[in-house]
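Dropping final_36.cif in here (mmCIF, C-alpha atoms):
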data_model
#
loop_
_atom_site.label_atom_id
_atom_site.label_comp_id
_atom_site.auth_asym_id
_atom_site.auth_seq_id
_atom_site.Cartn_x
_atom_site.Cartn_y
_atom_site.Cartn_z
CA MET T 212 -41.19 -92.91 8.54
CA SER T 213 -37.91 -94.59 9.19
CA ASN T 214 -36.12 -96.69 6.58
CA PRO T 215 -36.32 -100.36 7.67
CA LEU T 216 -32.97 -101.08 5.94
CA HIS T 217 -31.23 -98.51 8.03
CA TYR T 218 -30.06 -99.96 11.33
CA ALA T 219 -29.59 -97.41 14.07
CA PRO T 220 -28.29 -99.00 17.27
CA ARG T 221 -29.51 -97.52 20.48
CA PRO T 222 -26.76 -96.20 22.74
CA LEU T 223 -25.65 -98.74 25.38
CA SER T 224 -25.68 -97.98 29.04
CA LEU T 225 -22.39 -98.09 31.00
CA GLU T 226 -23.49 -101.33 32.71
CA GLU T 227 -24.18 -103.00 29.33
CA ILE T 228 -20.76 -101.92 28.00
CA VAL T 229 -19.01 -103.38 31.06
CA LEU T 230 -21.01 -106.62 30.80
CA SER T 231 -20.21 -106.96 27.09
CA VAL T 232 -16.49 -106.52 27.84
CA VAL T 233 -16.71 -109.14 30.58
CA ASP T 234 -18.55 -111.53 28.22
CA HIS T 235 -15.99 -110.94 25.50
CA ASN T 236 -13.17 -111.67 27.91
CA ALA T 237 -14.92 -114.83 28.99
CA VAL T 238 -14.91 -116.03 25.39
CA GLU T 239 -11.26 -115.10 24.91
CA LEU T 240 -10.02 -116.83 28.07
CA PRO T 241 -7.71 -119.76 27.33
CA ARG T 242 -9.17 -123.19 27.92
CA ILE T 243 -7.68 -124.75 31.03
CA SER T 244 -6.83 -128.37 30.34
CA GLU T 245 -7.82 -131.07 32.79
CA ALA T 246 -6.19 -133.76 30.65
CA ASP T 247 -4.36 -136.35 32.67
CA VAL T 248 -1.21 -138.25 31.73
CA ALA T 249 -3.44 -141.27 31.01
CA ASP T 250 -5.27 -139.26 28.32
CA TYR T 251 -1.99 -138.52 26.57
CA VAL T 252 -0.97 -142.18 26.90
CA ALA T 253 -4.29 -143.15 25.26
CA LEU T 254 -3.38 -140.84 22.33
CA LEU T 255 -0.35 -143.07 21.69
CA LYS T 256 -2.56 -146.11 20.94
CA PRO T 257 -0.69 -148.36 23.41
CA ARG T 258 -2.04 -151.64 21.98
CA VAL T 259 -0.88 -150.82 18.45
CA MET T 260 2.38 -149.59 19.95
CA SER T 261 2.95 -152.91 21.75
CA LEU T 262 2.63 -154.81 18.45
CA VAL T 263 5.03 -152.36 16.78
CA VAL T 264 7.56 -152.78 19.60
CA PHE T 265 7.26 -156.57 19.40
CA THR T 266 7.79 -156.79 15.62
CA ALA T 267 10.64 -154.26 15.83
CA LEU T 268 12.24 -156.29 18.62
CA VAL T 269 12.18 -159.36 16.37
CA GLY T 270 13.83 -157.31 13.61
CA LEU T 271 16.56 -156.26 16.06
CA VAL T 272 17.19 -159.76 17.41
CA ILE T 273 17.48 -161.52 14.05
CA ALA T 274 19.76 -158.82 12.59
CA PRO T 275 23.32 -160.12 12.21
CA GLY T 276 26.28 -158.81 14.21
CA HIS T 277 26.60 -157.33 17.66
CA PHE T 278 24.33 -154.43 18.58
CA HIS T 279 24.98 -152.73 21.91
CA PRO T 280 22.02 -153.12 24.30
CA VAL T 281 21.89 -149.37 24.99
CA LEU T 282 21.62 -148.67 21.26
CA ALA T 283 19.05 -151.46 20.89
CA PHE T 284 16.99 -149.92 23.71
CA THR T 285 17.32 -146.46 22.12
CA SER T 286 16.15 -147.83 18.77
CA LEU T 287 13.15 -149.60 20.28
CA LEU T 288 12.20 -146.53 22.31
CA CYS T 289 12.39 -144.27 19.25
CA ILE T 290 10.34 -146.71 17.14
CA ALA T 291 7.76 -146.98 19.94
CA VAL T 292 7.53 -143.20 20.37
CA GLY T 293 7.35 -142.76 16.58
CA ALA T 294 4.45 -145.23 16.48
CA GLY T 295 2.79 -143.34 19.34
CA ALA T 296 3.26 -140.05 17.47
CA SER T 297 1.55 -141.60 14.42
CA GLY T 298 -1.34 -142.68 16.66
CA ALA T 299 -1.72 -139.19 18.16
CA LEU T 300 -1.65 -137.52 14.73
CA ASN T 301 -4.14 -140.10 13.46
CA MET T 302 -6.51 -139.29 16.36
CA TRP T 303 -6.05 -135.56 15.70
CA TYR T 304 -7.02 -135.88 12.03
CA GLU T 305 -9.82 -138.39 12.58
CA CYS T 306 -11.45 -136.83 15.65
CA ASP T 307 -14.61 -136.09 13.64
CA LEU T 308 -14.92 -139.74 12.58
CA ASP T 309 -13.95 -141.09 16.01
CA ALA T 310 -16.89 -139.26 17.56
CA LEU T 311 -19.26 -141.15 15.26
CA MET T 312 -18.04 -144.70 15.97
CA SER T 313 -18.78 -146.59 19.18
CA ARG T 314 -15.31 -148.24 19.06
CA THR T 315 -13.54 -144.87 19.07
CA ALA T 316 -16.02 -142.45 20.72
CA ASN T 317 -14.24 -142.93 24.04
CA ARG T 318 -10.91 -141.62 22.75
CA PRO T 319 -9.50 -138.48 24.47
CA ILE T 320 -10.48 -135.94 21.78
CA PRO T 321 -14.15 -136.96 21.25
CA ARG T 322 -14.48 -137.23 25.03
CA GLY T 323 -13.31 -133.61 25.35
CA ARG T 324 -10.28 -134.42 27.50
CA ILE T 325 -7.77 -133.16 24.93
CA THR T 326 -8.38 -130.68 22.11
CA ALA T 327 -7.46 -131.52 18.52
CA PRO T 328 -4.69 -128.85 18.35
CA GLU T 329 -3.21 -130.21 21.60
CA ALA T 330 -3.12 -133.71 20.10
CA ALA T 331 -1.54 -132.35 16.90
CA ALA T 332 1.16 -130.52 18.87
CA PHE T 333 1.81 -133.59 21.02
CA GLY T 334 2.07 -135.93 18.00
CA THR T 335 4.29 -133.55 16.01
CA THR T 336 6.66 -133.06 18.96
CA LEU T 337 6.98 -136.80 19.55
CA ALA T 338 7.49 -137.48 15.83
CA PHE T 339 10.24 -134.86 15.62
CA PHE T 340 12.09 -136.08 18.71
CA SER T 341 11.80 -139.79 17.85
CA ILE T 342 13.16 -139.28 14.31
CA MET T 343 15.97 -136.94 15.37
CA THR T 344 17.00 -139.10 18.33
CA LEU T 345 17.10 -142.26 16.22
CA GLY T 346 19.04 -140.46 13.50
CA ILE T 347 21.56 -138.81 15.81
CA LEU T 348 22.13 -141.65 18.28
CA VAL T 349 21.80 -144.71 16.02
CA ASN T 350 21.97 -143.99 12.28
CA TRP T 351 20.23 -141.84 9.69
CA LEU T 352 19.00 -144.73 7.54
CA ALA T 353 16.86 -145.89 10.48
CA GLY T 354 15.87 -142.27 11.21
CA ALA T 355 14.79 -141.72 7.59
CA LEU T 356 12.83 -144.97 7.53
CA LEU T 357 11.05 -144.02 10.75
CA ALA T 358 10.21 -140.62 9.26
CA PHE T 359 8.86 -142.34 6.14
CA THR T 360 6.79 -144.74 8.29
CA ILE T 361 5.19 -141.86 10.21
CA PHE T 362 4.60 -139.91 6.98
CA PHE T 363 3.05 -142.94 5.29
CA TYR T 364 0.71 -143.66 8.21
CA VAL T 365 -0.38 -140.08 8.85
CA VAL T 366 -0.46 -138.57 5.36
CA ILE T 367 -0.88 -141.46 2.91
CA TYR T 368 -3.09 -143.73 5.04
CA THR T 369 -4.95 -141.39 7.44
CA MET T 370 -5.39 -138.30 5.28
CA VAL T 371 -5.68 -139.83 1.79
CA LEU T 372 -6.47 -143.55 1.65
CA LYS T 373 -8.78 -144.09 4.61
CA ARG T 374 -11.60 -141.83 3.44
CA TRP T 375 -11.02 -142.45 -0.27
CA THR T 376 -10.70 -146.14 -1.13
CA ALA T 377 -11.73 -149.56 0.11
CA GLN T 378 -8.11 -150.61 -0.41
CA ASN T 379 -7.16 -148.25 2.46
CA ILE T 380 -5.86 -150.89 4.83
CA VAL T 381 -4.16 -152.92 2.08
CA ILE T 382 -1.90 -150.06 0.97
CA GLY T 383 -1.87 -148.40 4.39
CA GLY T 384 -0.77 -151.71 5.91
CA ALA T 385 2.73 -150.93 4.64
CA ALA T 386 3.13 -148.44 7.49
CA GLY T 387 2.39 -151.11 10.09
CA ALA T 388 4.76 -153.53 8.33
CA LEU T 389 7.79 -151.21 8.38
CA PRO T 390 8.89 -151.33 12.08
CA PRO T 391 11.01 -154.53 11.71
CA VAL T 392 12.68 -152.94 8.67
CA VAL T 393 13.45 -149.79 10.71
CA ALA T 394 14.82 -151.98 13.51
CA TRP T 395 17.01 -154.00 11.12
CA ALA T 396 18.35 -150.74 9.63
CA ALA T 397 19.08 -149.49 13.16
CA ALA T 398 21.02 -152.63 14.02
CA THR T 399 22.98 -153.04 10.78
CA GLY T 400 23.00 -149.61 9.13
CA SER T 401 21.84 -151.31 5.92
CA LEU T 402 18.93 -153.26 4.44
CA SER T 403 18.66 -156.89 3.40
CA VAL T 404 16.14 -159.52 2.26
CA GLU T 405 15.20 -160.75 5.76
CA PRO T 406 13.52 -157.54 7.01
CA PHE T 407 11.55 -157.34 3.76
CA LEU T 408 10.31 -160.89 4.36
CA LEU T 409 9.04 -159.72 7.76
CA PHE T 410 7.55 -156.68 6.02
CA LEU T 411 5.71 -158.89 3.52
CA ILE T 412 4.34 -161.17 6.26
CA ILE T 413 2.82 -158.21 8.17
CA PHE T 414 1.68 -156.62 4.89
CA PHE T 415 -0.33 -159.71 3.86
CA TRP T 416 -1.48 -160.33 7.44
CA THR T 417 -3.07 -156.86 7.73
CA PRO T 418 -6.06 -157.29 5.32
CA PRO T 419 -7.50 -160.50 6.84
CA HIS T 420 -6.95 -159.07 10.34
CA PHE T 421 -8.62 -155.71 9.71
CA TRP T 422 -11.36 -156.94 7.40
CA ALA T 423 -12.35 -159.50 10.04
CA LEU T 424 -12.70 -156.58 12.45
CA ALA T 425 -14.50 -154.49 9.82
CA LEU T 426 -17.01 -157.31 9.20
CA PHE T 427 -18.35 -157.17 12.74
CA ARG T 428 -17.94 -153.38 12.98
CA SER T 429 -19.31 -152.52 9.54
CA ASP T 430 -22.24 -150.51 11.01
CA ASP T 431 -19.75 -148.32 12.84
CA TYR T 432 -17.73 -147.70 9.68
CA ALA T 433 -20.87 -147.06 7.61
CA ARG T 434 -22.09 -144.48 10.17
CA ALA T 435 -18.78 -142.65 9.95
CA GLY T 436 -18.75 -142.88 6.13
CA ILE T 437 -15.44 -144.74 5.99
CA PRO T 438 -15.26 -146.83 2.80
CA MET T 439 -14.14 -150.08 4.40
CA LEU T 440 -14.49 -153.11 2.14
CA PRO T 441 -17.60 -154.59 3.88
CA VAL T 442 -19.35 -151.19 3.57
CA VAL T 443 -18.42 -150.63 -0.08
CA ALA T 444 -18.36 -154.15 -1.58
CA GLY T 445 -20.51 -156.01 0.95
CA PRO T 446 -19.73 -158.81 3.43
CA ASP T 447 -19.56 -161.63 0.85
CA ALA T 448 -16.92 -159.90 -1.28
CA THR T 449 -15.00 -159.16 1.91
CA ARG T 450 -15.12 -162.83 2.94
CA LEU T 451 -13.65 -163.81 -0.44
CA GLN T 452 -10.89 -161.18 -0.13
CA ILE T 453 -10.09 -162.40 3.40
CA LEU T 454 -9.69 -165.93 2.06
CA LEU T 455 -7.50 -164.84 -0.88
CA TYR T 456 -5.23 -162.69 1.29
CA THR T 457 -4.97 -165.50 3.86
CA ILE T 458 -3.78 -167.91 1.13
CA MET T 459 -1.17 -165.34 0.06
CA LEU T 460 -0.17 -164.82 3.70
CA VAL T 461 0.36 -168.55 4.25
CA VAL T 462 2.54 -168.81 1.12
CA VAL T 463 4.56 -165.66 1.90
CA ALA T 464 5.05 -166.71 5.54
CA PHE T 465 6.21 -170.20 4.56
CA ALA T 466 8.56 -169.13 1.72
CA PRO T 467 11.53 -167.95 3.88
CA TRP T 468 12.19 -171.54 5.03
CA PRO T 469 12.62 -173.20 1.58
CA LEU T 470 14.44 -170.07 0.40
CA GLY T 471 16.95 -170.63 3.21
CA TYR T 472 16.46 -167.42 5.18
CA PHE T 473 14.86 -168.92 8.30
CA ASP T 474 15.27 -172.40 9.85
CA ALA T 475 13.09 -175.52 10.01
CA ALA T 476 11.47 -174.60 13.34
CA TYR T 477 10.14 -171.46 11.70
CA GLY T 478 9.00 -173.37 8.60
CA VAL T 479 7.06 -175.96 10.60
CA THR T 480 5.53 -173.29 12.87
CA SER T 481 4.47 -171.22 9.87
CA LEU T 482 2.81 -174.29 8.33
CA LEU T 483 0.91 -175.14 11.52
CA LEU T 484 -0.17 -171.56 12.20
CA GLY T 485 -0.94 -171.00 8.51
CA GLY T 486 -3.15 -174.12 8.54
CA GLY T 487 -5.09 -172.70 11.50
CA MET T 488 -5.43 -169.29 9.88
CA LEU T 489 -6.58 -170.83 6.58
CA ALA T 490 -9.14 -173.08 8.32
CA LEU T 491 -10.62 -170.06 10.12
CA ALA T 492 -10.65 -167.98 6.91
CA ILE T 493 -12.51 -170.82 5.12
CA ASP T 494 -14.93 -170.88 8.07
CA VAL T 495 -15.52 -167.14 7.65
CA TYR T 496 -16.06 -167.65 3.91
CA ARG T 497 -18.59 -170.44 4.39
CA ARG T 498 -20.60 -169.15 7.36
CA ARG T 499 -22.37 -166.05 6.11
CA GLU T 500 -25.51 -165.77 8.21
CA GLY T 501 -26.43 -165.18 11.83
CA ARG T 502 -24.54 -165.78 15.03
CA GLU T 503 -22.31 -168.49 13.51
CA ALA T 504 -20.99 -166.01 10.92
CA SER T 505 -20.28 -163.42 13.59
CA ARG T 506 -18.54 -166.00 15.77
CA ALA T 507 -16.37 -167.21 12.88
CA THR T 508 -15.29 -163.64 12.11
CA ARG T 509 -14.40 -162.91 15.74
CA ARG T 510 -12.45 -166.18 15.94
CA LEU T 511 -10.40 -165.26 12.88
CA PHE T 512 -9.72 -161.78 14.26
CA ALA T 513 -8.52 -163.16 17.61
CA PHE T 514 -6.46 -165.94 16.01
CA SER T 515 -4.79 -163.50 13.59
CA ILE T 516 -3.23 -161.69 16.58
CA LEU T 517 -1.99 -164.98 18.03
CA TYR T 518 -0.74 -166.00 14.55
CA LEU T 519 1.53 -163.00 14.14
CA PHE T 520 2.75 -163.14 17.72
CA ALA T 521 3.60 -166.86 17.55
CA LEU T 522 5.15 -166.69 14.07
CA PHE T 523 7.42 -163.80 15.00
CA SER T 524 8.27 -165.30 18.43
CA ILE T 525 9.82 -168.36 16.83
CA LEU T 526 12.49 -166.26 15.06
CA PRO T 527 14.29 -164.96 18.20
CA ILE T 528 14.01 -168.48 19.68
CA GLU T 529 15.78 -169.85 16.59
CA VAL T 530 18.51 -167.23 16.97
CA ALA T 531 18.93 -168.10 20.66
CA VAL T 532 19.07 -171.85 19.97
CA ARG T 533 21.64 -171.28 17.22
CA ALA T 534 23.77 -169.16 19.56
CA VAL T 535 23.61 -171.80 22.32
CA ALA T 536 24.45 -174.56 19.83
CA ARG T 537 27.47 -172.57 18.59
CA SER T 538 28.72 -172.03 22.13
CA ILE T 539 28.42 -175.76 22.94
CA TRP T 540 30.00 -177.15 19.78
CA MET I 57 -8.73 -95.99 48.32
CA ALA I 58 -9.95 -99.27 49.71
CA GLY I 59 -11.95 -99.83 46.47
CA VAL I 60 -8.83 -99.39 44.32
CA THR I 61 -6.95 -101.95 46.41
CA MET I 62 -9.75 -104.50 45.93
CA VAL I 63 -9.71 -103.99 42.14
CA ASP I 64 -5.92 -104.48 42.12
CA LYS I 65 -6.31 -107.65 44.13
CA GLU I 66 -8.91 -109.01 41.70
CA GLU I 67 -6.66 -108.21 38.73
CA GLN I 68 -3.73 -109.97 40.32
CA THR I 69 -5.79 -113.08 41.01
CA GLY I 70 -6.51 -113.66 37.28
CA ILE I 71 -7.53 -117.19 36.32
CA VAL I 72 -7.97 -119.39 39.34
CA LEU I 73 -7.39 -123.09 38.68
CA THR I 74 -9.61 -125.65 40.32
CA GLU I 75 -8.02 -128.36 42.44
CA ALA I 76 -8.59 -130.90 39.64
CA GLN I 77 -6.87 -128.63 37.12
CA LYS I 78 -3.94 -128.08 39.46
CA ARG I 79 -3.56 -131.82 40.07
CA SER I 80 -3.68 -132.72 36.36
CA ARG I 81 -1.26 -129.90 35.52
CA ARG I 82 1.16 -131.17 38.17
CA ARG I 83 0.96 -134.72 36.82
CA ARG I 84 1.56 -133.48 33.27
CA SER I 85 4.53 -131.43 34.44
CA ILE I 86 6.06 -134.44 36.21
CA ALA I 87 5.55 -136.62 33.11
CA THR I 88 7.19 -133.97 30.90
CA ALA I 89 10.13 -133.68 33.33
CA LEU I 90 10.56 -137.46 33.39
CA ALA I 91 10.47 -137.63 29.58
CA LEU I 92 13.14 -134.91 29.33
CA GLY I 93 15.20 -136.71 32.01
CA VAL I 94 15.02 -139.96 29.99
CA LEU I 95 16.10 -138.09 26.85
CA VAL I 96 19.12 -136.55 28.64
CA ALA I 97 20.06 -139.91 30.20
CA LEU I 98 19.74 -141.59 26.81
CA PHE I 99 22.08 -139.11 25.11
CA PHE I 100 24.54 -139.43 28.02
CA ALA I 101 24.47 -143.25 27.94
CA VAL I 102 24.92 -143.42 24.16
CA THR I 103 27.81 -140.95 24.37
CA LEU I 104 29.51 -143.28 26.88
CA VAL I 105 28.76 -146.35 24.75
CA LYS I 106 30.00 -144.88 21.49
CA GLY I 107 32.94 -142.99 22.96
CA PRO I 108 34.84 -141.00 20.32
CA ALA I 109 32.76 -142.73 17.64
CA VAL I 110 29.71 -140.77 18.75
CA LEU I 111 30.37 -138.29 15.93
CA VAL I 112 30.53 -141.06 13.31
CA ARG I 113 27.00 -141.50 12.01
CA PRO I 114 26.91 -143.63 8.90
CA LEU I 115 24.17 -143.00 6.40
#
Kindly transcribe the structure held in the file into structure tokens.
Amino acid sequence: MSNPLHYAPRPLSLEEIVLSVVDHNAVELPRISEADVADYVALLKPRVMSLVVFTALVGLVIAPGHFHPVLAFTSLLCIAVGAGASGALNMWYECDLDALMSRTANRPIPRGRITAPEAAAFGTTLAFFSIMTLGILVNWLAGALLAFTIFFYVVIYTMVLKRWTAQNIVIGGAAGALPPVVAWAAATGSLSVEPFLLFLIIFFWTPPHFWALALFRSDDYARAGIPMLPVVAGPDATRLQILLYTIMLVVVAFAPWPLGYFDAAYGVTSLLLGGGMLALAIDVYRRREGREASRATRRLFAFSILYLFALFSILPIEVAVRAVARSIW
Amino acid sequence: MAGVTMVDKEEQTGIVLTEAQKRSRRRRSIATALALGVLVALFFAVTLVKGPAVLVRPL
């Protein structure tokens, strides 16, 4: 009687050996990518990138002194590519979560167009070249700040905060607020109060903007297990936090005018836009049920984008008007 | 003899890309070339703009 614990393989025929080698080779063959350029562009998060470029452009324009257009273009390009690198590395690390959420399931990695290692290599390469190019061609303060921004977004926000705390987007919002500071450093080679005012505006703008989105996407976040505030603390607590952060945003955005950093046109615009933002945040706080609540949240989300765009647009206009006035008188 | 030649031919063929794979690889190659071209042009332009000061990089 044979021992059942003893495994004696039967000898393979020549045909079976050849087939097993062929099968093995089939497994070992490198995957041939069919990824298109558009898939790699999608990895850069172009919409986020456009906001980064816009806020950085404002930082460049309001910086004092002359900055050569070629250097300004180089700075903007490096900041844009650095932001894109952050997006690609974010998609690499979060590909498991992206596959679970309807908002992100169509991204290149969950769709199978690009593998996670390909995205990681792409993001790392872009991050390296954007930092080095900004450092070598413009200045190393800007290069270091860009490196810190990418590090903060990828490591602190994506890898640590996002899956760990409901305050993820509050602290992580610092990464999105840094581009005007990087741009100012590129233009002047130093830092000052003005870029930090822009930083604070974006920093306090981020929570109402993202929590408004999270309110009508909370099912998505819950499915992926991301501890966004509406998932962890509930929609009512989120509505209160949106209102509180909006009040802080309105105050912080208005302060540069009385403090003498920006002009009256900015001050009046910030009051008008802040009034609109506050009214919509109050609306979100009051309407808590049904379609009306959903509509109020979507309105606040949409208006928050317009708010930041309009508020930051007025600063270069002020600079231009001041320059024209100087040339006339 | 003829059999050996056929085996050699098969080995030389290796991985055969589909038309879609070839097209996407070509587009990726062009995009990479353009990106490198932009990088070279950027360094050249900044060298012209900065002149001798190109080596002065304040911290």
Check: which chain I residues lie within 10 Å of chain T using all atoms listed in the file, as an MDAnalysis selection string: chainID I and resid 71:74 76:88 95 98:99 101:106 110:115
How would the residues just chosen look if you wrote them out with C-alpha atoms as a compact mmCIF listing (two decimals), keeping the file's coordinate frame?
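To be explicit, this is the file written out as out09.txt:
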# COMPACT_ATOMS: atom_id res chain seq x y z
CA ILE I 71 -7.53 -117.19 36.32
CA VAL I 72 -7.97 -119.39 39.34
CA LEU I 73 -7.39 -123.09 38.68
CA THR I 74 -9.61 -125.65 40.32
CA ALA I 76 -8.59 -130.90 39.64
CA GLN I 77 -6.87 -128.63 37.12
CA LYS I 78 -3.94 -128.08 39.46
CA ARG I 79 -3.56 -131.82 40.07
CA SER I 80 -3.68 -132.72 36.36
CA ARG I 81 -1.26 -129.90 35.52
CA ARG I 82 1.16 -131.17 38.17
CA ARG I 83 0.96 -134.72 36.82
CA ARG I 84 1.56 -133.48 33.27
CA SER I 85 4.53 -131.43 34.44
CA ILE I 86 6.06 -134.44 36.21
CA ALA I 87 5.55 -136.62 33.11
CA THR I 88 7.19 -133.97 30.90
CA LEU I 95 16.10 -138.09 26.85
CA LEU I 98 19.74 -141.59 26.81
CA PHE I 99 22.08 -139.11 25.11
CA ALA I 101 24.47 -143.25 27.94
CA VAL I 102 24.92 -143.42 24.16
CA THR I 103 27.81 -140.95 24.37
CA LEU I 104 29.51 -143.28 26.88
CA VAL I 105 28.76 -146.35 24.75
CA LYS I 106 30.00 -144.88 21.49
CA VAL I 110 29.71 -140.77 18.75
CA LEU I 111 30.37 -138.29 15.93
CA VAL I 112 30.53 -141.06 13.31
CA ARG I 113 27.00 -141.50 12.01
CA PRO I 114 26.91 -143.63 8.90
CA LEU I 115 24.17 -143.00 6.40
The distance between atom CA of Met312 of chain T and atom CA of Ile361 of chain T is 24.1 Å
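The space between atom CA of Pro441 of chain T and atom CA of Leu482 of chain T spans 28.7 Å.
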Which value, in Å to one decimal, gives the distance between atom CA of Ile290 of chain T and atom CA of Gly276 of chain T?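 Computed distance, atom CA of Ile290 of chain T to atom CA of Gly276 of chain T, equals 20.2 Å.
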Run through the PyMOL selection byres ((chain T and resi 254-267) around 7) on the given coordinates and return the selected residues as number ranges by chain. T: 250-253, 268-271, 287, 291, 294-296, 298-299, 302, 319, 390-391, 394
Write a file of the just-selected residues containing C-alpha atoms, as a PDB file, in the coordinates of the input.
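Contents of part.pdb, freshly written:
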ATOM      1  CA  ASP T 250      -5.270-139.260  28.320  1.00  0.00           C
ATOM      2  CA  TYR T 251      -1.990-138.520  26.570  1.00  0.00           C
ATOM      3  CA  VAL T 252      -0.970-142.180  26.900  1.00  0.00           C
ATOM      4  CA  ALA T 253      -4.290-143.150  25.260  1.00  0.00           C
ATOM      5  CA  LEU T 268      12.240-156.290  18.620  1.00  0.00           C
ATOM      6  CA  VAL T 269      12.180-159.360  16.370  1.00  0.00           C
ATOM      7  CA  GLY T 270      13.830-157.310  13.610  1.00  0.00           C
ATOM      8  CA  LEU T 271      16.560-156.260  16.060  1.00  0.00           C
ATOM      9  CA  LEU T 287      13.150-149.600  20.280  1.00  0.00           C
ATOM     10  CA  ALA T 291       7.760-146.980  19.940  1.00  0.00           C
ATOM     11  CA  ALA T 294       4.450-145.230  16.480  1.00  0.00           C
ATOM     12  CA  GLY T 295       2.790-143.340  19.340  1.00  0.00           C
ATOM     13  CA  ALA T 296       3.260-140.050  17.470  1.00  0.00           C
ATOM     14  CA  GLY T 298      -1.340-142.680  16.660  1.00  0.00           C
ATOM     15  CA  ALA T 299      -1.720-139.190  18.160  1.00  0.00           C
ATOM     16  CA  MET T 302      -6.510-139.290  16.360  1.00  0.00           C
ATOM     17  CA  PRO T 319      -9.500-138.480  24.470  1.00  0.00           C
ATOM     18  CA  PRO T 390       8.890-151.330  12.080  1.00  0.00           C
ATOM     19  CA  PRO T 391      11.010-154.530  11.710  1.00  0.00           C
ATOM     20  CA  ALA T 394      14.820-151.980  13.510  1.00  0.00           C
TER      21      ALA T 394
END
Just so the selection is clear, what residues does the PyMOL selection byres ((chain T and resi 422-429) around 9) cover here, as a count of residues only? 28
Using the atoms already present, construct N, CA and C atoms for segment 496-508 of chain T and hand them back as a PDB file, in the frame of the given file.
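Once everything was written out, this is rebuild39.pdb:
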ATOM      1  N   TYR T 496     -15.526-167.673   5.270  1.00  0.00           N
ATOM      2  CA  TYR T 496     -16.060-167.650   3.910  1.00  0.00           C
ATOM      3  C   TYR T 496     -17.357-168.443   3.790  1.00  0.00           C
ATOM      4  N   ARG T 497     -17.427-169.558   4.521  1.00  0.00           N
ATOM      5  CA  ARG T 497     -18.590-170.440   4.390  1.00  0.00           C
ATOM      6  C   ARG T 497     -19.782-170.000   5.239  1.00  0.00           C
ATOM      7  N   ARG T 498     -19.503-169.541   6.459  1.00  0.00           N
ATOM      8  CA  ARG T 498     -20.600-169.150   7.360  1.00  0.00           C
ATOM      9  C   ARG T 498     -20.922-167.672   7.135  1.00  0.00           C
ATOM     10  N   ARG T 499     -22.064-167.426   6.518  1.00  0.00           N
ATOM     11  CA  ARG T 499     -22.370-166.050   6.110  1.00  0.00           C
ATOM     12  C   ARG T 499     -23.579-165.448   6.824  1.00  0.00           C
ATOM     13  N   GLU T 500     -24.271-166.264   7.603  1.00  0.00           N
ATOM     14  CA  GLU T 500     -25.510-165.770   8.210  1.00  0.00           C
ATOM     15  C   GLU T 500     -25.492-165.961   9.727  1.00  0.00           C
ATOM     16  N   GLY T 501     -26.111-165.022  10.422  1.00  0.00           N
ATOM     17  CA  GLY T 501     -26.430-165.180  11.830  1.00  0.00           C
ATOM     18  C   GLY T 501     -25.240-165.183  12.779  1.00  0.00           C
ATOM     19  N   ARG T 502     -25.521-165.804  13.951  1.00  0.00           N
ATOM     20  CA  ARG T 502     -24.540-165.780  15.030  1.00  0.00           C
ATOM     21  C   ARG T 502     -23.277-166.566  14.672  1.00  0.00           C
ATOM     22  N   GLU T 503     -23.459-167.651  13.908  1.00  0.00           N
ATOM     23  CA  GLU T 503     -22.310-168.490  13.510  1.00  0.00           C
ATOM     24  C   GLU T 503     -21.313-167.677  12.681  1.00  0.00           C
ATOM     25  N   ALA T 504     -21.844-166.853  11.769  1.00  0.00           N
ATOM     26  CA  ALA T 504     -20.990-166.010  10.920  1.00  0.00           C
ATOM     27  C   ALA T 504     -20.217-165.010  11.771  1.00  0.00           C
ATOM     28  N   SER T 505     -20.921-164.401  12.708  1.00  0.00           N
ATOM     29  CA  SER T 505     -20.280-163.420  13.590  1.00  0.00           C
ATOM     30  C   SER T 505     -19.193-164.073  14.432  1.00  0.00           C
ATOM     31  N   ARG T 506     -19.504-165.283  14.932  1.00  0.00           N
ATOM     32  CA  ARG T 506     -18.540-166.000  15.770  1.00  0.00           C
ATOM     33  C   ARG T 506     -17.290-166.373  14.960  1.00  0.00           C
ATOM     34  N   ALA T 507     -17.503-166.825  13.735  1.00  0.00           N
ATOM     35  CA  ALA T 507     -16.370-167.210  12.880  1.00  0.00           C
ATOM     36  C   ALA T 507     -15.460-166.009  12.613  1.00  0.00           C
ATOM     37  N   THR T 508     -16.072-164.859  12.377  1.00  0.00           N
ATOM     38  CA  THR T 508     -15.290-163.640  12.110  1.00  0.00           C
ATOM     39  C   THR T 508     -14.478-163.239  13.332  1.00  0.00           C
TER      40      THR T 508
END
